[in-house]
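> This is the structure I want to talk about, given as structure tokens.
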Amino acid sequence: MSNIGTIKYEGAKSTNPLSFKFYNPTQVVGGKTMREQLKFAMSYWHTLCSGLPDIFGEGTIDKSFGKTAPMDIFKAKADFGFEFMKNLGVDYYCFHDNDIAPHGKNLTETLDNIQHMAEYLKSKQKESGIKLLWGTANNFSEKMFMSGAATSPNADVFAIAAAKVKTAIDCTILLGGTGYVFWGGREGYDSLLNTNLKLELDNLAKFLTMARDYARANGFNGDFYIEPKPKEPTKHQYDFDVATCIGFLRQYGLDKDFKLNIEGNHATLAGHTFEHELALARINGMFGSIDANEGDYLLGWDTDCFPKDVLTSTYVCLDIIRAGGFTNGGLNFDAKCRRQSNTIEDLYIAYILGMDTYALGLLAADKIIKDGRIDNNLKTRYASYTTGIGKQIVDNKIDLATLAKYARDLKSIDVQSGKQEYLESVINNIIYGGI
Ligand code: XUL
Ligand code: CO
């Protein structure tokens, strides 16, 4: 345990690193408190498990929390995690099956350990009021998953992955989780020379369908999420981006039960902005949950940095508001400290950074909406579709030949400026106007 106590809101003038400068949980923004709007969640894996290794070196922080026996270590992780969330006022958490319990000698022992620890987490939830946002299964770390899980060429691996997902779903239901995530892990390929693309994609859909049917039959009425990511670990991940996932889910009839868990760093790896992915999910009714983190402009992989970019958090919050806020989803910090930030104090400060960044984003997004200049410009830009020929197009009341005749009779055409720089200056004005 650390000796760091409750983190309080002290305002922007505070220089206390262990205080919120902008996140004021009880402050009402857009009709709800910041706490209700942002629904912050702790990622179990980064926060309680990762010792911060990189490919050139071992971990720099010990996360065994002073214990040596495997089960004691995992209980201590949970104890620390719940104290950490309570101190920060983080109301939710997310976990993979293997984050919460030690591996056993075989699959059955491992699954029993996970079930056992889920009971322990249930008692921790009860005494703290903290809730589970979503659960998932780690079907990518162990050697047997080297060629995928649901898309493994080996049917026994498919079965083991199914057993793990069944237990992870059971635990999610036990803990009252409102979401269940599938991040593809190693569901993808490196070479077509050894890959049966059609069978792998069909199998992936079959796997998700079985998981959906099992969970629904056992009382899970939350959302399933696919978490898109274009590459890493494989060269071609099947869940490349939001558009790819939506196409896949619709093709296999899964779009009624599945939404998307959208991660900032995954979006940029796919060559998109975070807000592009969110907006595309929203307009397709698939906006679910968020893994809030960011990449590093100079590094081309999933660096999982804590969010610090207020412009991005502003655009993300604009989209959350436009989606009507979170329902079953929330804002999970799928983020880790840099390898050199290897103290518990760094961990607190990293969450404070992330929470303040999103508080600023929410405040700015609310101002942008109330200011109205961005929305009004958008309305004016598309005004030609609200009357006359434009309205007929929108209402499906016109055909190609009639349009062609209309076009031939046009005397002049005036396409207005897109005013991008003006709009960007409005955003700067709203965000930084108070400096
Ligand atoms: C990997 C990643 C995962 C998922 C859950 O890039 O984001 O941690 O969020 O499996
Ligand atoms: Co993630």
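Quick note on naming: the chains in the structure tokens go A, B, ... in the order shown, residues restart at 1 in each chain, and ligands are numbered from 1 in order of appearance.
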Please tabulate, as a Markdown table, the residues of chain A that come within 10 Å of ligand 2, each with its closest pair of atoms and the distance in Å to one decimal, counting only C-alpha atoms and all ligand atoms and ordering rows by chain, then residue number upward.

| residue | atom | partner | partner_atom_place_in_ligand_line | distance |
| --- | --- | --- | --- | --- |
| A:Ser43 | CA | ligand 2 | 1 (Co) | 8.9 |
| A:Val181 | CA | ligand 2 | 1 (Co) | 9.2 |
| A:Phe182 | CA | ligand 2 | 1 (Co) | 9.6 |
| A:Trp183 | CA | ligand 2 | 1 (Co) | 7.2 |
| A:Glu227 | CA | ligand 2 | 1 (Co) | 6.8 |
| A:Pro228 | CA | ligand 2 | 1 (Co) | 8.7 |
| A:Lys229 | CA | ligand 2 | 1 (Co) | 8.7 |
| A:Asn261 | CA | ligand 2 | 1 (Co) | 7.8 |
| A:Ile262 | CA | ligand 2 | 1 (Co) | 7.6 |
| A:Glu263 | CA | ligand 2 | 1 (Co) | 5.7 |
| A:Gly264 | CA | ligand 2 | 1 (Co) | 8.7 |
| A:Asn265 | CA | ligand 2 | 1 (Co) | 8.5 |
| A:His266 | CA | ligand 2 | 1 (Co) | 7.9 |
| A:Ile290 | CA | ligand 2 | 1 (Co) | 8.3 |
| A:Asp291 | CA | ligand 2 | 1 (Co) | 5.3 |
| A:Ala292 | CA | ligand 2 | 1 (Co) | 8.1 |
| A:Asn293 | CA | ligand 2 | 1 (Co) | 8.6 |
| A:Asp302 | CA | ligand 2 | 1 (Co) | 9.6 |
| A:Asp304 | CA | ligand 2 | 1 (Co) | 8.5 |
| A:Asn332 | CA | ligand 2 | 1 (Co) | 8.3 |
| A:Phe333 | CA | ligand 2 | 1 (Co) | 8.4 |
| A:Asp334 | CA | ligand 2 | 1 (Co) | 5.3 |
| A:Ala335 | CA | ligand 2 | 1 (Co) | 8.4 |
> When you look at A:Ala149 with a cut-off of 8 Å (counting only C-alpha atoms), what residues show up, excluding the ones that are within fewer than 5 positions of it in the same chain? I need them as a list in words.
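Once the adjacent positions are removed, what remains is Asn139, Phe140, Val157, Phe158, Ala161, Arg186 and Glu187 of chain A.
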> Go through stretch 156-315 of chain A and collect every residue that DSSP, computed from the backbone, puts in alpha helix (DSSP H); the answer should be as an mmCIF file with N, CA, C and O atoms, in the first residue's frame.

data_model
loop_
_atom_site.group_PDB
_atom_site.id
_atom_site.type_symbol
_atom_site.label_atom_id
_atom_site.label_comp_id
_atom_site.auth_asym_id
_atom_site.auth_seq_id
_atom_site.Cartn_x
_atom_site.Cartn_y
_atom_site.Cartn_z
ATOM 1 N N ASP A 156 -8.061 -26.969 -31.583
ATOM 2 C CA ASP A 156 -7.981 -27.103 -30.119
ATOM 3 C C ASP A 156 -7.739 -25.739 -29.470
ATOM 4 O O ASP A 156 -8.236 -25.460 -28.381
ATOM 5 N N VAL A 157 -6.962 -24.919 -30.152
ATOM 6 C CA VAL A 157 -6.716 -23.570 -29.630
ATOM 7 C C VAL A 157 -8.022 -22.775 -29.646
ATOM 8 O O VAL A 157 -8.334 -22.039 -28.692
ATOM 9 N N PHE A 158 -8.809 -22.941 -30.708
ATOM 10 C CA PHE A 158 -10.131 -22.306 -30.789
ATOM 11 C C PHE A 158 -10.953 -22.699 -29.558
ATOM 12 O O PHE A 158 -11.595 -21.858 -28.915
ATOM 13 N N ALA A 159 -10.905 -23.989 -29.203
ATOM 14 C CA ALA A 159 -11.685 -24.487 -28.058
ATOM 15 C C ALA A 159 -11.176 -23.903 -26.738
ATOM 16 O O ALA A 159 -11.972 -23.513 -25.864
ATOM 17 N N ILE A 160 -9.853 -23.822 -26.592
ATOM 18 C CA ILE A 160 -9.292 -23.256 -25.347
ATOM 19 C C ILE A 160 -9.682 -21.778 -25.236
ATOM 20 O O ILE A 160 -10.060 -21.292 -24.163
ATOM 21 N N ALA A 161 -9.617 -21.075 -26.364
ATOM 22 C CA ALA A 161 -10.022 -19.665 -26.366
ATOM 23 C C ALA A 161 -11.486 -19.547 -25.942
ATOM 24 O O ALA A 161 -11.856 -18.645 -25.172
ATOM 25 N N ALA A 162 -12.314 -20.483 -26.409
ATOM 26 C CA ALA A 162 -13.738 -20.470 -26.048
ATOM 27 C C ALA A 162 -13.904 -20.680 -24.544
ATOM 28 O O ALA A 162 -14.702 -20.000 -23.883
ATOM 29 N N ALA A 163 -13.122 -21.618 -23.983
ATOM 30 C CA ALA A 163 -13.216 -21.884 -22.541
ATOM 31 C C ALA A 163 -12.842 -20.636 -21.750
ATOM 32 O O ALA A 163 -13.481 -20.300 -20.745
ATOM 33 N N LYS A 164 -11.819 -19.944 -22.214
ATOM 34 C CA LYS A 164 -11.373 -18.738 -21.496
ATOM 35 C C LYS A 164 -12.426 -17.631 -21.598
ATOM 36 O O LYS A 164 -12.713 -16.931 -20.636
ATOM 37 N N VAL A 165 -12.999 -17.479 -22.789
ATOM 38 C CA VAL A 165 -14.028 -16.434 -22.956
ATOM 39 C C VAL A 165 -15.260 -16.782 -22.105
ATOM 40 O O VAL A 165 -15.864 -15.894 -21.493
ATOM 41 N N LYS A 166 -15.606 -18.068 -22.037
ATOM 42 C CA LYS A 166 -16.767 -18.455 -21.214
ATOM 43 C C LYS A 166 -16.550 -18.018 -19.762
ATOM 44 O O LYS A 166 -17.421 -17.405 -19.143
ATOM 45 N N THR A 167 -15.365 -18.330 -19.232
ATOM 46 C CA THR A 167 -15.093 -17.933 -17.838
ATOM 47 C C THR A 167 -15.063 -16.419 -17.693
ATOM 48 O O THR A 167 -15.593 -15.870 -16.723
ATOM 49 N N ALA A 168 -14.456 -15.737 -18.655
ATOM 50 C CA ALA A 168 -14.397 -14.266 -18.553
ATOM 51 C C ALA A 168 -15.804 -13.667 -18.610
ATOM 52 O O ALA A 168 -16.099 -12.685 -17.914
ATOM 53 N N ILE A 169 -16.680 -14.267 -19.413
ATOM 54 C CA ILE A 169 -18.074 -13.789 -19.463
ATOM 55 C C ILE A 169 -18.769 -14.093 -18.131
ATOM 56 O O ILE A 169 -19.465 -13.239 -17.567
ATOM 57 N N ASP A 170 -18.561 -15.315 -17.600
ATOM 58 C CA ASP A 170 -19.161 -15.659 -16.296
ATOM 59 C C ASP A 170 -18.741 -14.635 -15.240
ATOM 60 O O ASP A 170 -19.567 -14.182 -14.443
ATOM 61 N N CYS A 171 -17.456 -14.284 -15.232
ATOM 62 C CA CYS A 171 -16.951 -13.332 -14.227
ATOM 63 C C CYS A 171 -17.544 -11.939 -14.466
ATOM 64 O O CYS A 171 -17.882 -11.232 -13.517
ATOM 65 N N THR A 172 -17.657 -11.553 -15.725
ATOM 66 C CA THR A 172 -18.236 -10.235 -16.051
ATOM 67 C C THR A 172 -19.678 -10.172 -15.554
ATOM 68 O O THR A 172 -20.108 -9.159 -14.972
ATOM 69 N N ILE A 173 -20.407 -11.258 -15.755
ATOM 70 C CA ILE A 173 -21.807 -11.291 -15.287
ATOM 71 C C ILE A 173 -21.831 -11.243 -13.753
ATOM 72 O O ILE A 173 -22.570 -10.456 -13.146
ATOM 73 N N LEU A 174 -20.989 -12.063 -13.116
ATOM 74 C CA LEU A 174 -20.921 -12.087 -11.643
ATOM 75 C C LEU A 174 -20.651 -10.694 -11.085
ATOM 76 O O LEU A 174 -21.214 -10.287 -10.068
ATOM 77 N N LEU A 197 -7.642 -17.126 -45.361
ATOM 78 C CA LEU A 197 -8.321 -15.890 -44.972
ATOM 79 C C LEU A 197 -9.810 -16.110 -44.727
ATOM 80 O O LEU A 197 -10.368 -15.659 -43.718
ATOM 81 N N LYS A 198 -10.456 -16.810 -45.628
ATOM 82 C CA LYS A 198 -11.918 -17.009 -45.549
ATOM 83 C C LYS A 198 -12.284 -17.809 -44.300
ATOM 84 O O LYS A 198 -13.176 -17.422 -43.541
ATOM 85 N N LEU A 199 -11.569 -18.919 -44.065
ATOM 86 C CA LEU A 199 -11.885 -19.746 -42.896
ATOM 87 C C LEU A 199 -11.634 -18.952 -41.607
ATOM 88 O O LEU A 199 -12.431 -19.007 -40.666
ATOM 89 N N GLU A 200 -10.552 -18.207 -41.565
ATOM 90 C CA GLU A 200 -10.230 -17.458 -40.344
ATOM 91 C C GLU A 200 -11.309 -16.424 -40.029
ATOM 92 O O GLU A 200 -11.739 -16.277 -38.894
ATOM 93 N N LEU A 201 -11.754 -15.694 -41.067
ATOM 94 C CA LEU A 201 -12.785 -14.677 -40.828
ATOM 95 C C LEU A 201 -14.115 -15.324 -40.442
ATOM 96 O O LEU A 201 -14.807 -14.860 -39.536
ATOM 97 N N ASP A 202 -14.476 -16.404 -41.118
ATOM 98 C CA ASP A 202 -15.714 -17.118 -40.756
ATOM 99 C C ASP A 202 -15.621 -17.632 -39.317
ATOM 100 O O ASP A 202 -16.591 -17.555 -38.560
ATOM 101 N N ASN A 203 -14.472 -18.170 -38.957
ATOM 102 C CA ASN A 203 -14.301 -18.693 -37.597
ATOM 103 C C ASN A 203 -14.393 -17.589 -36.548
ATOM 104 O O ASN A 203 -14.972 -17.782 -35.475
ATOM 105 N N LEU A 204 -13.812 -16.450 -36.873
ATOM 106 C CA LEU A 204 -13.878 -15.325 -35.936
ATOM 107 C C LEU A 204 -15.343 -14.954 -35.678
ATOM 108 O O LEU A 204 -15.770 -14.778 -34.535
ATOM 109 N N ALA A 205 -16.122 -14.876 -36.748
ATOM 110 C CA ALA A 205 -17.548 -14.538 -36.608
ATOM 111 C C ALA A 205 -18.285 -15.628 -35.828
ATOM 112 O O ALA A 205 -19.136 -15.333 -34.982
ATOM 113 N N LYS A 206 -17.949 -16.886 -36.082
ATOM 114 C CA LYS A 206 -18.590 -17.995 -35.369
ATOM 115 C C LYS A 206 -18.303 -17.900 -33.873
ATOM 116 O O LYS A 206 -19.165 -18.087 -33.025
ATOM 117 N N PHE A 207 -17.060 -17.589 -33.568
ATOM 118 C CA PHE A 207 -16.625 -17.476 -32.172
ATOM 119 C C PHE A 207 -17.416 -16.369 -31.469
ATOM 120 O O PHE A 207 -17.939 -16.561 -30.362
ATOM 121 N N LEU A 208 -17.522 -15.213 -32.116
ATOM 122 C CA LEU A 208 -18.228 -14.079 -31.508
ATOM 123 C C LEU A 208 -19.714 -14.407 -31.345
ATOM 124 O O LEU A 208 -20.339 -14.039 -30.348
ATOM 125 N N THR A 209 -20.258 -15.122 -32.327
ATOM 126 C CA THR A 209 -21.677 -15.503 -32.264
ATOM 127 C C THR A 209 -21.924 -16.443 -31.085
ATOM 128 O O THR A 209 -22.880 -16.266 -30.317
ATOM 129 N N MET A 210 -21.038 -17.427 -30.915
ATOM 130 C CA MET A 210 -21.187 -18.366 -29.783
ATOM 131 C C MET A 210 -21.080 -17.634 -28.455
ATOM 132 O O MET A 210 -21.833 -17.906 -27.526
ATOM 133 N N ALA A 211 -20.127 -16.701 -28.371
ATOM 134 C CA ALA A 211 -19.934 -15.950 -27.121
ATOM 135 C C ALA A 211 -21.168 -15.108 -26.833
ATOM 136 O O ALA A 211 -21.661 -15.062 -25.700
ATOM 137 N N ARG A 212 -21.690 -14.459 -27.876
ATOM 138 C CA ARG A 212 -22.898 -13.637 -27.709
ATOM 139 C C ARG A 212 -24.061 -14.498 -27.218
ATOM 140 O O ARG A 212 -24.739 -14.168 -26.241
ATOM 141 N N ASP A 213 -24.251 -15.644 -27.868
ATOM 142 C CA ASP A 213 -25.387 -16.496 -27.506
ATOM 143 C C ASP A 213 -25.246 -17.021 -26.079
ATOM 144 O O ASP A 213 -26.223 -17.060 -25.325
ATOM 145 N N TYR A 214 -24.029 -17.404 -25.697
ATOM 146 C CA TYR A 214 -23.819 -17.904 -24.332
ATOM 147 C C TYR A 214 -24.115 -16.809 -23.307
ATOM 148 O O TYR A 214 -24.830 -17.027 -22.322
ATOM 149 N N ALA A 215 -23.551 -15.612 -23.551
ATOM 150 C CA ALA A 215 -23.719 -14.519 -22.590
ATOM 151 C C ALA A 215 -25.177 -14.114 -22.470
ATOM 152 O O ALA A 215 -25.698 -13.928 -21.362
ATOM 153 N N ARG A 216 -25.855 -13.993 -23.595
ATOM 154 C CA ARG A 216 -27.281 -13.601 -23.560
ATOM 155 C C ARG A 216 -28.107 -14.654 -22.819
ATOM 156 O O ARG A 216 -28.971 -14.316 -22.015
ATOM 157 N N ALA A 217 -27.815 -15.945 -23.066
ATOM 158 C CA ALA A 217 -28.572 -17.015 -22.403
ATOM 159 C C ALA A 217 -28.314 -17.035 -20.905
ATOM 160 O O ALA A 217 -29.103 -17.580 -20.132
ATOM 161 N N VAL A 242 -12.700 1.241 -37.416
ATOM 162 C CA VAL A 242 -14.144 1.231 -37.178
ATOM 163 C C VAL A 242 -14.901 0.790 -38.432
ATOM 164 O O VAL A 242 -15.799 -0.053 -38.365
ATOM 165 N N ALA A 243 -14.535 1.339 -39.583
ATOM 166 C CA ALA A 243 -15.258 1.003 -40.816
ATOM 167 C C ALA A 243 -15.166 -0.498 -41.106
ATOM 168 O O ALA A 243 -16.167 -1.147 -41.444
ATOM 169 N N THR A 244 -13.968 -1.065 -40.954
ATOM 170 C CA THR A 244 -13.789 -2.503 -41.212
ATOM 171 C C THR A 244 -14.642 -3.326 -40.248
ATOM 172 O O THR A 244 -15.279 -4.306 -40.648
ATOM 173 N N CYS A 245 -14.633 -2.930 -38.982
ATOM 174 C CA CYS A 245 -15.390 -3.692 -37.974
ATOM 175 C C CYS A 245 -16.889 -3.624 -38.242
ATOM 176 O O CYS A 245 -17.592 -4.624 -38.100
ATOM 177 N N ILE A 246 -17.374 -2.449 -38.621
ATOM 178 C CA ILE A 246 -18.812 -2.325 -38.889
ATOM 179 C C ILE A 246 -19.207 -3.234 -40.056
ATOM 180 O O ILE A 246 -20.209 -3.952 -39.993
ATOM 181 N N GLY A 247 -18.381 -3.234 -41.096
ATOM 182 C CA GLY A 247 -18.657 -4.104 -42.243
ATOM 183 C C GLY A 247 -18.691 -5.567 -41.827
ATOM 184 O O GLY A 247 -19.603 -6.316 -42.200
ATOM 185 N N PHE A 248 -17.731 -5.964 -41.032
ATOM 186 C CA PHE A 248 -17.635 -7.354 -40.558
ATOM 187 C C PHE A 248 -18.865 -7.719 -39.705
ATOM 188 O O PHE A 248 -19.491 -8.764 -39.895
ATOM 189 N N LEU A 249 -19.193 -6.848 -38.766
ATOM 190 C CA LEU A 249 -20.321 -7.139 -37.863
ATOM 191 C C LEU A 249 -21.631 -7.243 -38.636
ATOM 192 O O LEU A 249 -22.457 -8.109 -38.360
ATOM 193 N N ARG A 250 -21.791 -6.367 -39.641
ATOM 194 C CA ARG A 250 -23.030 -6.421 -40.440
ATOM 195 C C ARG A 250 -23.052 -7.668 -41.310
ATOM 196 O O ARG A 250 -24.087 -8.324 -41.437
ATOM 197 N N GLN A 251 -21.909 -8.006 -41.875
ATOM 198 C CA GLN A 251 -21.840 -9.189 -42.752
ATOM 199 C C GLN A 251 -22.285 -10.457 -42.027
ATOM 200 O O GLN A 251 -22.943 -11.324 -42.582
ATOM 201 N N GLY A 264 -7.657 5.632 -28.726
ATOM 202 C CA GLY A 264 -6.970 6.739 -29.392
ATOM 203 C C GLY A 264 -5.753 6.310 -30.180
ATOM 204 O O GLY A 264 -5.602 6.629 -31.364
ATOM 205 N N ASN A 265 -4.870 5.559 -29.546
ATOM 206 C CA ASN A 265 -3.627 5.147 -30.191
ATOM 207 C C ASN A 265 -3.881 4.172 -31.339
ATOM 208 O O ASN A 265 -3.161 4.176 -32.341
ATOM 209 N N HIS A 266 -4.934 3.367 -31.237
ATOM 210 C CA HIS A 266 -5.273 2.449 -32.338
ATOM 211 C C HIS A 266 -5.768 3.243 -33.540
ATOM 212 O O HIS A 266 -5.474 2.893 -34.687
ATOM 213 N N ALA A 267 -6.543 4.307 -33.263
ATOM 214 C CA ALA A 267 -7.063 5.148 -34.350
ATOM 215 C C ALA A 267 -5.901 5.748 -35.136
ATOM 216 O O ALA A 267 -5.861 5.666 -36.374
ATOM 217 N N THR A 268 -4.924 6.306 -34.441
ATOM 218 C CA THR A 268 -3.830 6.973 -35.157
ATOM 219 C C THR A 268 -2.943 5.948 -35.878
ATOM 220 O O THR A 268 -2.425 6.229 -36.956
ATOM 221 N N LEU A 269 -2.804 4.749 -35.306
ATOM 222 C CA LEU A 269 -2.054 3.698 -36.013
ATOM 223 C C LEU A 269 -2.742 3.340 -37.335
ATOM 224 O O LEU A 269 -2.082 2.939 -38.297
ATOM 225 N N PHE A 274 -8.583 10.092 -33.640
ATOM 226 C CA PHE A 274 -9.464 9.483 -32.624
ATOM 227 C C PHE A 274 -10.907 9.905 -32.918
ATOM 228 O O PHE A 274 -11.832 9.078 -32.963
ATOM 229 N N GLU A 275 -11.086 11.222 -33.196
ATOM 230 C CA GLU A 275 -12.453 11.731 -33.378
ATOM 231 C C GLU A 275 -13.100 11.198 -34.666
ATOM 232 O O GLU A 275 -14.325 11.037 -34.719
ATOM 233 N N HIS A 276 -12.291 10.891 -35.669
ATOM 234 C CA HIS A 276 -12.861 10.296 -36.890
ATOM 235 C C HIS A 276 -13.500 8.950 -36.550
ATOM 236 O O HIS A 276 -14.629 8.652 -36.951
ATOM 237 N N GLU A 277 -12.762 8.137 -35.805
ATOM 238 C CA GLU A 277 -13.260 6.805 -35.456
ATOM 239 C C GLU A 277 -14.534 6.901 -34.613
ATOM 240 O O GLU A 277 -15.490 6.153 -34.807
ATOM 241 N N LEU A 278 -14.530 7.851 -33.671
ATOM 242 C CA LEU A 278 -15.709 8.018 -32.807
ATOM 243 C C LEU A 278 -16.921 8.481 -33.614
ATOM 244 O O LEU A 278 -18.030 7.966 -33.439
ATOM 245 N N ALA A 279 -16.691 9.453 -34.494
ATOM 246 C CA ALA A 279 -17.811 10.002 -35.272
ATOM 247 C C ALA A 279 -18.401 8.933 -36.188
ATOM 248 O O ALA A 279 -19.623 8.801 -36.321
ATOM 249 N N LEU A 280 -17.529 8.132 -36.796
ATOM 250 C CA LEU A 280 -18.007 7.086 -37.706
ATOM 251 C C LEU A 280 -18.825 6.037 -36.938
ATOM 252 O O LEU A 280 -19.870 5.571 -37.411
ATOM 253 N N ALA A 281 -18.352 5.695 -35.744
ATOM 254 C CA ALA A 281 -19.100 4.745 -34.917
ATOM 255 C C ALA A 281 -20.452 5.358 -34.531
ATOM 256 O O ALA A 281 -21.498 4.701 -34.619
ATOM 257 N N ARG A 282 -20.428 6.617 -34.139
ATOM 258 C CA ARG A 282 -21.664 7.281 -33.687
ATOM 259 C C ARG A 282 -22.712 7.327 -34.788
ATOM 260 O O ARG A 282 -23.864 6.955 -34.554
ATOM 261 N N ILE A 283 -22.327 7.747 -35.989
ATOM 262 C CA ILE A 283 -23.357 7.884 -37.034
ATOM 263 C C ILE A 283 -23.908 6.526 -37.466
ATOM 264 O O ILE A 283 -24.955 6.451 -38.068
ATOM 265 N N VAL A 310 -5.042 18.338 -25.094
ATOM 266 C CA VAL A 310 -6.374 18.892 -24.795
ATOM 267 C C VAL A 310 -7.209 19.082 -26.064
ATOM 268 O O VAL A 310 -8.430 18.961 -26.037
ATOM 269 N N LEU A 311 -6.564 19.343 -27.183
ATOM 270 C CA LEU A 311 -7.334 19.492 -28.419
ATOM 271 C C LEU A 311 -8.039 18.171 -28.755
ATOM 272 O O LEU A 311 -9.228 18.141 -29.074
ATOM 273 N N THR A 312 -7.283 17.074 -28.638
ATOM 274 C CA THR A 312 -7.901 15.771 -28.919
ATOM 275 C C THR A 312 -8.986 15.445 -27.903
ATOM 276 O O THR A 312 -10.081 15.001 -28.269
ATOM 277 N N SER A 313 -8.720 15.674 -26.623
ATOM 278 C CA SER A 313 -9.753 15.342 -25.621
ATOM 279 C C SER A 313 -10.992 16.204 -25.842
ATOM 280 O O SER A 313 -12.111 15.773 -25.571
ATOM 281 N N THR A 314 -10.799 17.417 -26.357
ATOM 282 C CA THR A 314 -11.952 18.278 -26.665
ATOM 283 C C THR A 314 -12.791 17.657 -27.780
ATOM 284 O O THR A 314 -14.016 17.545 -27.669
ATOM 285 N N TYR A 315 -12.126 17.229 -28.857
ATOM 286 C CA TYR A 315 -12.856 16.614 -29.971
ATOM 287 C C TYR A 315 -13.530 15.310 -29.531
ATOM 288 O O TYR A 315 -14.638 15.002 -29.956
#
> Separation of atom CA of A:Gly285 and atom CA of A:Ala150, in Å?
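Computing the Euclidean distance for atom CA of A:Gly285 and atom CA of A:Ala150 yields 26.0 Å.
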> Between A:Gly81, A:Gly176, A:Pro230, A:Gly66, which is the closest to ligand 1 once you count only C-alpha atoms and all ligand atoms?
A:Pro230
> Kindly assemble as CSV a list of the stretch 299-370 of chain A residues that lie within 9 Å of stretch 119-138 of chain A, each paired with its nearest atom pair and their distance in Å to one decimal, using only C-alpha atoms, sorted first by chain and then by ascending residue number.

residue,atom,partner,partner_atom,distance
A:Asn328,CA,A:Leu133,CA,7.6
A:Gly329,CA,A:Leu133,CA,6.8
A:Gly330,CA,A:Leu133,CA,7.0
A:Asn332,CA,A:Leu133,CA,8.4
> Using C-alpha atoms, can you write the selected residues to a file as a PDB file, in the first residue's frame?

ATOM      1  CA  ASN A 328     -22.978   1.100 -20.892  1.00  0.00           C
ATOM      2  CA  GLY A 329     -19.546   2.423 -21.841  1.00  0.00           C
ATOM      3  CA  GLY A 330     -17.052   4.699 -20.167  1.00  0.00           C
ATOM      4  CA  ASN A 332     -10.924   3.552 -19.690  1.00  0.00           C
TER       5      ASN A 332
END
> For A:Lys259, list every protein, DNA or RNA residue within 8 Å, evaluated using only C-alpha atoms, and leave out those in the same chain fewer than 3 positions away; present the list as a PyMOL selection string.
chain A and resi 223-226+255+285-288
> Using only C-alpha atoms, which of the listed residues (A:Ala407, A:Ala383, A:Ala12, A:Ile374) sits closest to A:Glu424?
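Of A:Ala407, A:Ala383, A:Ala12, A:Ile374, the one nearest A:Glu424, counting only C-alpha atoms, is A:Ile374.
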> Would you mind reading off the distance between atom CA of A:Met42 and atom 3 (C, counted along the ligand's line) of ligand 1, one decimal, in Å?
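The value is 12.7 Å.
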> Within 12 Å of A:His46, counting only C-alpha atoms, which residues qualify if same-chain residues fewer than 6 places away don't, as a list of chain:residue names?
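Listed by chain and then number, they are A:Leu52, A:Pro53, A:Ile61, A:Lys63, A:Lys77, A:Gly81, A:Tyr93, A:Cys94, A:Phe95, A:His96, A:Asp99, A:Ile100, A:Asn293, A:Thr303, A:Asp304, A:Cys305, A:Phe306, A:Asn332, A:Phe333, A:Asp334, A:Ala335, A:Lys336, A:Cys337, A:Arg338, A:Arg339, A:Leu347, A:Ala350, A:Tyr351.
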> Which is closer to ligand 1 than all the others in A:Leu363, A:Met144, A:Leu331, A:Ile320, using only C-alpha atoms and all ligand atoms?
A:Leu331
> What is the distance, in Å and to one decimal place, between atom CA of A:Gly57 and atom CA of A:Ala41?
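Atom CA of A:Ala41 lies 28.7 Å from atom CA of A:Gly57.
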> Taking the chain letters and numbering used in this document, name the residues of stretch 50-136 of chain A that DSSP puts in strand (DSSP E), as a PyMOL selection string.
chain A and resi 92-96+131-136
> Find the residues near A:Gly89: any atom within 9 Å, counting only C-alpha atoms, skip ones fewer than 2 places away on the same chain, and give them as a list in words.
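The contact residues come out as Thr6, Ile7, Pro25, Arg35, Phe40, Phe84, Met85, Lys86, Asn87 and Asp91 of chain A.
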> Need the shell around A:Val29: protein/DNA/RNA residues with any atom at most 9 Å away, counting only C-alpha atoms. Skip same-chain ones fewer than 2 positions apart. Format as a ChimeraX atom specification?
/A:27,31-34,37,362-363,366
> What lies within 12 Å of A:Gly104 using only C-alpha atoms, ignoring chain neighbours under 4 positions off, as a CSV table (one decimal) with N, CA and C atoms, in the first residue's frame?

chain,number,residue,atom,x,y,z
A,70,PRO,N,1.7,-16.7,-5.2
A,70,PRO,CA,1.0,-16.2,-6.3
A,70,PRO,C,-0.4,-15.6,-6.0
A,71,MET,N,-1.2,-16.4,-5.2
A,71,MET,CA,-2.6,-15.9,-4.9
A,71,MET,C,-2.5,-14.6,-4.1
A,98,ASN,N,-6.6,-13.0,-17.2
A,98,ASN,CA,-5.3,-13.3,-16.6
A,98,ASN,C,-4.7,-12.2,-15.8
A,108,THR,N,-7.8,-25.9,-16.3
A,108,THR,CA,-8.8,-25.9,-15.3
A,108,THR,C,-8.4,-25.2,-14.1
A,109,GLU,N,-7.1,-25.4,-13.6
A,109,GLU,CA,-6.7,-24.7,-12.4
A,109,GLU,C,-6.6,-23.1,-12.7
A,110,THR,N,-6.2,-22.8,-13.9
A,110,THR,CA,-6.2,-21.3,-14.2
A,110,THR,C,-7.6,-20.7,-14.2
A,111,LEU,N,-8.5,-21.4,-14.8
A,111,LEU,CA,-9.9,-20.9,-14.8
A,111,LEU,C,-10.5,-20.8,-13.4
A,112,ASP,N,-10.1,-21.9,-12.6
A,112,ASP,CA,-10.6,-21.8,-11.2
A,112,ASP,C,-10.0,-20.6,-10.4
A,113,ASN,N,-8.8,-20.4,-10.6
A,113,ASN,CA,-8.1,-19.2,-10.0
A,113,ASN,C,-8.9,-17.9,-10.4
A,114,ILE,N,-9.2,-17.8,-11.6
A,114,ILE,CA,-9.9,-16.6,-12.1
A,114,ILE,C,-11.3,-16.5,-11.5
> Determine the nearest neighbour of ligand 1 from the options A:Thr15, A:Gln237, A:Asn154, A:Thr195, counting only C-alpha atoms and all ligand atoms.
A:Gln237
> Return the single residue from A:Lys367, A:Lys235, A:His116, A:Arg322 that is closest to A:Gly434, with distances computed using only C-alpha atoms.
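Looking at the shortest contact to A:Gly434, the residue is A:Lys367.
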